[in-house]
Amino acid sequence: MILREEHDNFFHHYAMTDISDGARLSDTLNVILLELPKLPKIDSSTDIESLPNITKWCKFLKEADNPKKQDLINALAASEEGIMSAENTLNKISKP
């Protein structure tokens, strides 16, 4: 048995199964776990365009409220239309 903290991967997709025979409970009921502290590091040499969308979204969710990471957020928004839309919405609802 592998314990969760031993995994380096930040993305986990679980399906509910019967432990006796492995039969799935449902094809529509799943749990997706994103461990944001385990995200890969991104620095100025990272090609944002080449990152998987799930990594881009996780970085956005983790850093969106960090003013020191605004350059990263801008780069993520420029590379992914959905993140740009989310950033615009967040900026609108965050205005005093």
# chains A, B, ... in the order shown; residues from 1 in each chain; ligands from 1
$ residues_around --residues "stretch 61-74 of chain A" --least-positions-apart "4" --cutoff "12 Å" --atoms "only C-alpha atoms" --output "VMD selection string"
chain A and resid 34 to 39 41 to 49 54 to 57 78 to 81 83 to 91 94
$ write_last_selection --atoms "C-alpha atoms" --output "PDB file, in the first residue's frame"
ATOM      1  CA  LEU A  34      -5.128  18.709  -6.179  1.00  0.00           C
ATOM      2  CA  GLU A  35      -2.279  19.095  -3.687  1.00  0.00           C
ATOM      3  CA  LEU A  36      -1.212  22.692  -4.332  1.00  0.00           C
ATOM      4  CA  PRO A  37       1.903  22.540  -2.108  1.00  0.00           C
ATOM      5  CA  LYS A  38       3.261  19.809  -4.413  1.00  0.00           C
ATOM      6  CA  LEU A  39       3.046  21.903  -7.583  1.00  0.00           C
ATOM      7  CA  LYS A  41       8.288  25.241  -9.133  1.00  0.00           C
ATOM      8  CA  ILE A  42       7.981  27.898 -11.808  1.00  0.00           C
ATOM      9  CA  ASP A  43      10.702  30.498 -12.292  1.00  0.00           C
ATOM     10  CA  SER A  44      11.611  33.066 -14.946  1.00  0.00           C
ATOM     11  CA  SER A  45      13.132  30.360 -17.175  1.00  0.00           C
ATOM     12  CA  THR A  46       9.932  28.276 -17.246  1.00  0.00           C
ATOM     13  CA  ASP A  47       8.057  28.197 -20.554  1.00  0.00           C
ATOM     14  CA  ILE A  48       4.525  28.929 -19.325  1.00  0.00           C
ATOM     15  CA  GLU A  49       3.022  27.983 -22.705  1.00  0.00           C
ATOM     16  CA  ILE A  54      -4.067  21.680 -14.967  1.00  0.00           C
ATOM     17  CA  THR A  55      -0.719  23.019 -13.724  1.00  0.00           C
ATOM     18  CA  LYS A  56      -1.528  26.518 -14.983  1.00  0.00           C
ATOM     19  CA  TRP A  57      -4.902  26.510 -13.233  1.00  0.00           C
ATOM     20  CA  ALA A  78      -1.878  35.400 -21.322  1.00  0.00           C
ATOM     21  CA  SER A  79      -1.367  31.690 -21.995  1.00  0.00           C
ATOM     22  CA  GLU A  80      -4.864  30.456 -21.123  1.00  0.00           C
ATOM     23  CA  GLU A  81      -8.087  32.260 -22.044  1.00  0.00           C
ATOM     24  CA  ILE A  83      -7.493  31.926 -16.622  1.00  0.00           C
ATOM     25  CA  MET A  84      -7.668  35.401 -18.165  1.00  0.00           C
ATOM     26  CA  SER A  85     -11.434  35.373 -17.725  1.00  0.00           C
ATOM     27  CA  ALA A  86     -11.092  34.129 -14.134  1.00  0.00           C
ATOM     28  CA  GLU A  87      -8.517  36.834 -13.363  1.00  0.00           C
ATOM     29  CA  ASN A  88     -10.780  39.542 -14.802  1.00  0.00           C
ATOM     30  CA  THR A  89     -13.701  38.296 -12.724  1.00  0.00           C
ATOM     31  CA  LEU A  90     -11.560  38.091  -9.587  1.00  0.00           C
ATOM     32  CA  ASN A  91     -10.329  41.658 -10.154  1.00  0.00           C
ATOM     33  CA  SER A  94     -12.156  42.275  -5.399  1.00  0.00           C
TER      34      SER A  94
END
$ select_by_dssp --residues "stretch 9-96 of chain A" --states "helix (DSSP H, G or I)" --output "PyMOL selection string"
chain A and resi 36-38+48-50+53-63+67-79+81-94
$ select_by_dssp --residues "chain A" --states "strand (DSSP E or B)" --output "VMD selection string"
chain A and resid 11 to 15 17 24 30 to 34
$ atom_distance --atom1 "atom CA of A:Ala15" --atom2 "atom CA of A:Leu29"
6.8 Å
$ atom_distance --atom1 "atom CA of A:Leu33" --atom2 "atom CA of A:Leu51"
18.9 Å
$ atom_distance --atom1 "atom CA of A:Lys59" --atom2 "atom CA of A:Pro40"
9.1 Å
$ closest_residue --among "A:Leu76, A:Thr28, A:Pro96, A:Ser50" --to "A:Tyr14" --atoms "only C-alpha atoms"
A:Thr28
